[in-house]
$ cat coords_27.cif   # mmCIF, C-alpha atoms
data_upload
#
loop_
_atom_site.label_atom_id
_atom_site.label_comp_id
_atom_site.auth_asym_id
_atom_site.auth_seq_id
_atom_site.Cartn_x
_atom_site.Cartn_y
_atom_site.Cartn_z
CA MET X 768 -6.78 -8.54 -12.57
CA SER X 769 -4.84 -11.62 -11.80
CA ALA X 770 -2.79 -13.76 -14.14
CA PRO X 771 -3.62 -17.42 -14.70
CA THR X 772 -2.09 -20.10 -12.50
CA LYS X 773 0.26 -22.35 -14.45
CA MET X 774 -0.24 -26.02 -13.76
CA ARG X 775 1.02 -29.36 -14.94
CA ALA X 776 -0.23 -32.72 -13.80
CA THR X 777 1.07 -36.15 -14.63
CA VAL X 778 0.03 -39.57 -13.42
CA LYS X 779 2.49 -42.39 -12.83
CA ASP X 780 1.93 -45.71 -11.06
CA GLY X 781 -1.46 -44.54 -9.80
CA VAL X 782 -0.11 -41.35 -8.23
CA THR X 783 -0.87 -37.94 -9.70
CA GLU X 784 1.78 -35.26 -9.29
CA VAL X 785 0.64 -31.68 -9.65
CA ARG X 786 2.99 -28.72 -10.16
CA VAL X 787 1.48 -25.32 -9.57
CA LEU X 788 2.83 -21.82 -10.17
CA MET X 789 0.44 -19.13 -9.01
CA GLN X 790 0.97 -15.56 -10.18
CA HIS X 791 0.85 -13.25 -7.20
CA GLU X 792 2.97 -10.46 -5.71
CA MET X 793 2.77 -11.82 -2.14
CA GLU X 794 3.56 -8.44 -0.54
CA ASN X 795 4.24 -8.92 3.14
CA GLY X 796 3.15 -5.43 4.24
CA ARG X 797 6.56 -4.54 5.64
CA ARG X 798 8.32 -3.29 2.53
CA LYS X 799 8.52 0.39 1.64
CA ASP X 800 8.33 2.02 -1.76
CA GLU X 801 10.82 4.61 -2.99
CA ALA X 802 8.97 7.43 -1.21
CA GLY X 803 9.22 5.52 2.06
CA ASN X 804 5.55 4.57 2.23
CA ILE X 805 4.68 1.09 3.40
CA ILE X 806 3.45 -1.12 0.58
CA PRO X 807 0.24 -2.67 1.92
CA ALA X 808 0.16 -6.41 2.50
CA TRP X 809 -1.26 -8.27 -0.47
CA PHE X 810 -0.96 -12.03 -0.45
CA ILE X 811 -2.77 -15.28 -1.09
CA THR X 812 -4.33 -16.56 2.12
CA GLU X 813 -6.00 -19.77 1.00
CA ILE X 814 -5.69 -22.33 -1.75
CA LYS X 815 -7.69 -25.39 -2.63
CA ALA X 816 -7.04 -28.08 -5.22
CA GLN X 817 -9.79 -30.35 -6.44
CA HIS X 818 -9.79 -33.41 -8.63
CA ASN X 819 -13.16 -34.03 -10.27
CA GLY X 820 -14.76 -32.05 -7.45
CA ARG X 821 -12.95 -33.92 -4.65
CA THR X 822 -10.60 -31.83 -2.54
CA VAL X 823 -7.05 -33.17 -2.74
CA LEU X 824 -5.22 -30.33 -1.00
CA GLU X 825 -6.09 -27.31 1.08
CA GLY X 826 -3.61 -24.73 2.25
CA ARG X 827 -3.33 -21.49 4.15
CA PHE X 828 -0.55 -19.06 3.40
CA GLY X 829 1.07 -16.37 5.49
CA THR X 830 3.25 -13.58 4.15
CA SER X 831 6.44 -15.67 4.00
CA VAL X 832 5.45 -17.65 0.95
CA SER X 833 7.58 -16.52 -1.99
CA LYS X 834 6.28 -14.29 -4.75
CA ASN X 835 4.47 -16.34 -7.38
CA PRO X 836 3.82 -19.28 -5.03
CA TYR X 837 5.07 -22.63 -6.23
CA LEU X 838 3.76 -25.98 -5.07
CA ILE X 839 4.18 -29.63 -5.85
CA PHE X 840 1.82 -32.17 -4.29
CA ARG X 841 0.86 -35.78 -4.96
CA TYR X 842 -2.24 -37.83 -4.47
CA ARG X 843 -3.40 -41.33 -5.26
CA GLY X 844 -5.82 -41.72 -8.13
CA GLY X 845 -6.30 -39.71 -11.26
CA ALA X 846 -6.19 -40.68 -14.91
CA PRO X 847 -5.09 -38.89 -18.06
CA GLY X 848 -7.88 -36.53 -19.10
CA ASP X 849 -9.13 -35.88 -15.55
CA ARG X 850 -9.41 -32.26 -14.55
CA ILE X 851 -7.74 -30.59 -11.61
CA THR X 852 -8.88 -27.18 -10.41
CA LEU X 853 -6.81 -24.85 -8.29
CA THR X 854 -8.51 -21.94 -6.56
CA TRP X 855 -6.87 -19.24 -4.52
CA LEU X 856 -8.17 -16.39 -2.38
CA ASP X 857 -6.11 -13.38 -1.34
CA ASN X 858 -6.39 -10.95 1.56
CA ARG X 859 -8.13 -8.38 -0.67
CA GLY X 860 -10.88 -10.86 -1.39
CA ASP X 861 -9.75 -11.51 -4.95
CA THR X 862 -10.08 -15.08 -6.06
CA ARG X 863 -9.19 -17.06 -9.13
CA SER X 864 -9.68 -20.59 -10.35
CA ASP X 865 -7.69 -22.41 -13.02
CA GLU X 866 -7.88 -25.85 -14.47
CA VAL X 867 -5.51 -28.37 -15.95
CA THR X 868 -6.00 -31.74 -17.56
CA ILE X 869 -3.87 -34.64 -16.37
CA SER X 870 -1.52 -35.67 -19.16
CA MET Q 215 -9.26 -7.46 24.97
CA GLU Q 216 -9.10 -3.83 23.99
CA VAL Q 217 -5.37 -4.06 23.56
CA ASP Q 218 -5.87 -7.11 21.42
CA MET Q 219 -8.32 -5.34 19.13
CA GLU Q 220 -5.86 -2.53 18.65
CA ARG Q 221 -3.26 -5.07 17.83
CA ARG Q 222 -5.45 -6.67 15.21
CA LYS Q 223 -6.09 -3.30 13.60
CA ALA Q 224 -2.42 -2.48 13.59
CA LEU Q 225 -1.68 -5.81 12.00
CA ARG Q 226 -4.32 -5.33 9.35
CA SER Q 227 -2.96 -1.96 8.36
CA GLY Q 228 0.47 -3.51 8.14
CA ALA Q 229 1.90 -0.29 9.52
CA GLY Q 230 1.79 -1.19 13.16
CA LEU Q 231 4.79 -3.44 13.36
CA GLY Q 232 7.21 -0.82 14.59
CA LEU Q 233 4.69 0.48 17.09
CA LEU Q 234 3.92 -3.02 18.27
CA GLY Q 235 7.56 -3.71 18.84
CA LEU Q 236 7.74 -0.56 20.92
CA LEU Q 237 4.65 -1.47 22.91
CA ALA Q 238 5.97 -4.96 23.50
CA SER Q 239 9.27 -3.57 24.70
CA VAL Q 240 7.60 -1.38 27.32
CA GLY Q 241 5.38 -4.25 28.37
CA LEU Q 242 1.97 -3.00 27.21
CA ILE Q 243 1.51 -6.06 25.07
CA GLY Q 244 2.48 -9.23 26.79
CA PRO Q 245 3.59 -12.17 24.71
CA GLU Q 246 0.45 -14.01 25.81
CA SER Q 247 -1.77 -11.67 23.79
CA ALA Q 248 -0.28 -13.19 20.66
CA LEU Q 249 -1.81 -16.50 21.66
CA ALA Q 250 -4.99 -17.16 19.78
CA GLU Q 251 -7.67 -19.75 19.60
CA SER Q 252 -7.87 -20.52 15.92
CA GLN Q 253 -5.30 -21.73 13.46
CA LYS Q 254 -5.73 -18.57 11.44
CA ASN Q 255 -4.05 -16.65 14.21
CA ALA Q 256 -1.03 -18.88 14.00
CA PHE Q 257 -0.06 -16.75 11.03
CA GLU Q 258 0.21 -13.71 13.28
CA ALA Q 259 2.39 -15.43 15.84
CA ARG Q 260 5.81 -13.90 16.36
CA THR Q 261 7.35 -16.50 18.60
CA MET Q 262 7.77 -20.17 17.89
CA ASN Q 263 5.88 -21.22 21.02
CA ASP Q 264 2.92 -19.05 20.08
CA ALA Q 265 2.90 -20.38 16.55
CA LEU Q 266 3.06 -23.99 17.70
CA ASP Q 267 0.40 -23.38 20.35
CA ALA Q 268 -1.94 -21.80 17.84
CA LEU Q 269 -1.42 -24.78 15.54
CA GLY Q 270 -2.52 -27.04 18.36
CA GLU Q 271 0.66 -28.42 19.87
CA ALA Q 272 3.34 -26.76 21.92
CA LEU Q 273 5.62 -29.77 22.23
CA PRO Q 274 5.75 -31.80 19.03
CA GLU Q 275 7.81 -34.97 19.02
CA ASP Q 276 11.01 -35.09 17.01
CA THR Q 277 11.01 -37.83 14.44
CA ALA Q 278 13.09 -39.31 11.66
CA ALA Q 279 9.95 -40.20 9.71
CA ILE Q 280 9.78 -36.73 8.18
CA LEU Q 281 12.27 -35.71 5.56
CA LEU Q 282 12.84 -31.97 5.29
CA THR Q 283 14.84 -30.91 2.28
CA ALA Q 284 16.22 -27.38 2.06
CA PRO Q 285 19.52 -25.91 0.91
CA ASP Q 286 22.34 -25.59 3.47
CA VAL Q 287 23.00 -22.13 2.11
CA ALA Q 288 20.38 -19.99 0.38
CA GLU Q 289 21.81 -17.13 -1.62
CA ASN Q 290 18.45 -15.50 -2.14
CA GLY Q 291 16.25 -15.43 0.94
CA ALA Q 292 13.26 -14.44 -1.18
CA VAL Q 293 13.11 -17.86 -2.81
CA VAL Q 294 14.17 -20.82 -0.69
CA PRO Q 295 13.01 -24.22 -1.96
CA VAL Q 296 11.66 -26.47 0.78
CA THR Q 297 10.31 -30.00 0.47
CA VAL Q 298 8.58 -31.97 3.22
CA GLU Q 299 8.06 -35.70 2.93
CA SER Q 300 6.27 -37.51 5.70
CA SER Q 301 6.24 -41.28 5.81
CA LEU Q 302 4.01 -41.23 8.89
CA ALA Q 303 0.76 -43.13 8.49
CA ARG Q 304 -2.26 -40.92 7.95
CA THR Q 305 -0.49 -37.58 7.64
CA GLU Q 306 -3.25 -35.00 8.12
CA GLN Q 307 -1.47 -31.68 8.18
CA ILE Q 308 1.86 -30.24 7.13
CA SER Q 309 3.02 -26.82 8.29
CA ILE Q 310 6.24 -25.01 7.49
CA LEU Q 311 7.72 -22.53 9.96
CA VAL Q 312 10.83 -20.34 10.07
CA ASP Q 313 11.95 -19.37 13.56
CA LYS Q 314 13.51 -16.00 12.71
CA ASN Q 315 10.97 -14.62 10.28
CA PRO Q 316 8.77 -11.71 11.45
CA THR Q 317 5.89 -14.18 11.41
CA MET Q 318 6.94 -17.75 12.07
CA LEU Q 319 4.31 -19.68 10.17
CA VAL Q 320 4.86 -19.76 6.43
CA SER Q 321 2.11 -22.08 5.28
CA SER Q 322 -0.09 -24.84 6.56
CA PHE Q 323 -1.68 -27.57 4.48
CA ALA Q 324 -4.53 -29.95 5.20
CA ILE Q 325 -3.81 -33.34 3.67
CA PRO Q 326 -7.00 -35.26 2.93
CA GLU Q 327 -7.14 -39.05 2.82
CA GLY Q 328 -5.64 -40.19 -0.48
CA THR Q 329 -3.18 -37.32 -0.73
CA GLU Q 330 0.44 -38.14 0.04
CA GLY Q 331 2.42 -36.55 2.85
CA TYR Q 332 4.54 -34.73 0.32
CA LEU Q 333 4.82 -31.01 -0.37
CA SER Q 334 7.35 -28.92 -2.17
CA THR Q 335 7.21 -25.13 -2.09
CA ARG Q 336 9.29 -21.94 -2.01
CA ILE Q 337 9.50 -19.72 1.02
CA LYS Q 338 10.95 -16.37 2.08
CA MET Q 339 13.57 -16.18 4.80
CA ALA Q 340 14.63 -12.93 6.48
CA GLN Q 341 17.94 -14.27 7.75
CA THR Q 342 19.82 -17.43 8.66
CA ALA Q 343 17.31 -19.46 10.63
CA THR Q 344 15.86 -22.84 11.42
CA VAL Q 345 13.19 -24.17 9.09
CA ILE Q 346 10.72 -26.45 10.82
CA ALA Q 347 8.30 -28.93 9.30
CA LEU Q 348 5.43 -29.66 11.66
CA VAL Q 349 3.38 -32.69 10.73
CA LYS Q 350 0.16 -33.89 12.30
CA ALA Q 351 -0.33 -37.59 11.76
CA ASN Q 352 -3.03 -39.72 13.30
CA GLY Q 353 -3.84 -36.92 15.75
CA LYS Q 354 -0.26 -36.43 16.98
CA PHE Q 355 2.25 -33.73 16.16
CA TYR Q 356 5.79 -34.37 14.98
CA ARG Q 357 8.52 -32.07 13.81
CA VAL Q 358 11.83 -31.99 12.11
CA SER Q 359 14.05 -28.95 11.73
CA ARG Q 360 17.00 -27.84 9.70
CA GLU Q 361 19.20 -24.76 9.64
CA VAL Q 362 19.45 -22.76 6.46
CA LYS Q 363 22.11 -20.09 6.09
CA VAL Q 364 20.80 -17.09 4.21
CA THR Q 365 23.22 -14.87 2.32
CA ALA Q 366 20.74 -12.11 1.37
CA GLY Q 367 17.54 -11.92 3.38
CA GLY Q 368 14.33 -11.64 1.44
CA CYS Q 369 11.29 -11.18 3.56
#
$ encode --input "coords_27.cif" --output "structure tokens"
Amino acid sequence: MSAPTKMRATVKDGVTEVRVLMQHEMENGRRKDEAGNIIPAWFITEIKAQHNGRTVLEGRFGTSVSKNPYLIFRYRGGAPGDRITLTWLDNRGDTRSDEVTIS
Amino acid sequence: MEVDMERRKALRSGAGLGLLGLLASVGLIGPESALAESQKNAFEARTMNDALDALGEALPEDTAAILLTAPDVAENGAVVPVTVESSLARTEQISILVDKNPTMLVSSFAIPEGTEGYLSTRIKMAQTATVIALVKANGKFYRVSREVKVTAGGC
């Protein structure tokens, strides 16, 4: 079970700024637990942000993105009330999609 | 090819890093086997040249049109804030790399038309290293780099 992505989006002078905080361990597969066993890699590999169904950002992550990945991006267009969706996929095949309304 | 498959398996299990290092040191795995055809494999690259090659450009141009913001000193290598701002026309792709991390490529973003060449994120750094922003704009690659001193590595 994954926790919801926190998002905030504001529009100013025709540019929408989106702040995203995904909830994910982002294990790099090199750390060991107390017993000395390698903790398997577990990280987000792909993200996609869409505004009213139009893709505004796509990203691929490696293992060096910090735990609970944080992103700020900006795009032209957007109006208060519009919906932005952020979807991520991790290396275990888990996926989650969250939405925010532009304020 | 066989060697490469083994390498992939080792990578997937996450347990093969020590073994790979050993193999590389005795010459069973040449650095060229890390080269790969698709961008996905750029994330497995362990040398800067391999990572840049896999991203599509071995010799990006240095430019002042990209602003890379990162702290001079990062106390916690697990969370290093990095911001890339490209004023290049038609910025298509932004990638962030760290030259001394176990895997160089941190993240790579496709910037569609209408989205600004601006990204702010947080990355992990194993040790003091050079952070590189690689930007593809109008079909050409540009880069800007910046050293970040890391007090406590966090990879």
$ interface_residues --input "coords_27.cif" --of "chain X" --to "chain Q" --cutoff "7 Å" --atoms "only C-alpha atoms" --output "MDAnalysis selection string"
chainID X and resid 796:797 805 807:808 823:833 836:843
$ atom_distance --input "coords_27.cif" --atom1 "CA of Glu792 (chain X)" --atom2 "CA of Asn835 (chain X)"
6.3 Å
$ atom_distance --input "coords_27.cif" --atom1 "CA of Asn819 (chain X)" --atom2 "CA of Gly353 (chain Q)"
27.8 Å
$ atom_distance --input "coords_27.cif" --atom1 "CA of Thr862 (chain X)" --atom2 "CA of Thr783 (chain X)"
24.9 Å
$ closest_residue --input "coords_27.cif" --among "Q:Lys363, Q:Asp313, Q:Lys354, Q:Thr342" --to "Ala265 (chain Q)" --atoms "all atoms listed in the file"
Q:Asp313
$ resolve_selection --input "coords_27.cif" --expression "the PyMOL selection byres ((chain X and resi 859) around 10)" --output "VMD selection string"
chain X and resid 808 to 812 856 to 858 860 to 862
$ write_last_selection --input "coords_27.cif" --atoms "C-alpha atoms" --output "mmCIF file, in the frame of the given file"
data_model
loop_
_atom_site.group_PDB
_atom_site.id
_atom_site.type_symbol
_atom_site.label_atom_id
_atom_site.label_comp_id
_atom_site.auth_asym_id
_atom_site.auth_seq_id
_atom_site.Cartn_x
_atom_site.Cartn_y
_atom_site.Cartn_z
ATOM 1 C CA ALA X 808 0.160 -6.410 2.500
ATOM 2 C CA TRP X 809 -1.260 -8.270 -0.470
ATOM 3 C CA PHE X 810 -0.960 -12.030 -0.450
ATOM 4 C CA ILE X 811 -2.770 -15.280 -1.090
ATOM 5 C CA THR X 812 -4.330 -16.560 2.120
ATOM 6 C CA LEU X 856 -8.170 -16.390 -2.380
ATOM 7 C CA ASP X 857 -6.110 -13.380 -1.340
ATOM 8 C CA ASN X 858 -6.390 -10.950 1.560
ATOM 9 C CA GLY X 860 -10.880 -10.860 -1.390
ATOM 10 C CA ASP X 861 -9.750 -11.510 -4.950
ATOM 11 C CA THR X 862 -10.080 -15.080 -6.060
#
$ resolve_selection --input "coords_27.cif" --expression "the PyMOL selection byres ((chain Q and resi 359) around 9)" --output "list in words"
Asp276, Leu282, Thr344, Val345, Ile346, Ala347, Leu348, Arg357, Val358, Arg360 and Glu361 of chain Q
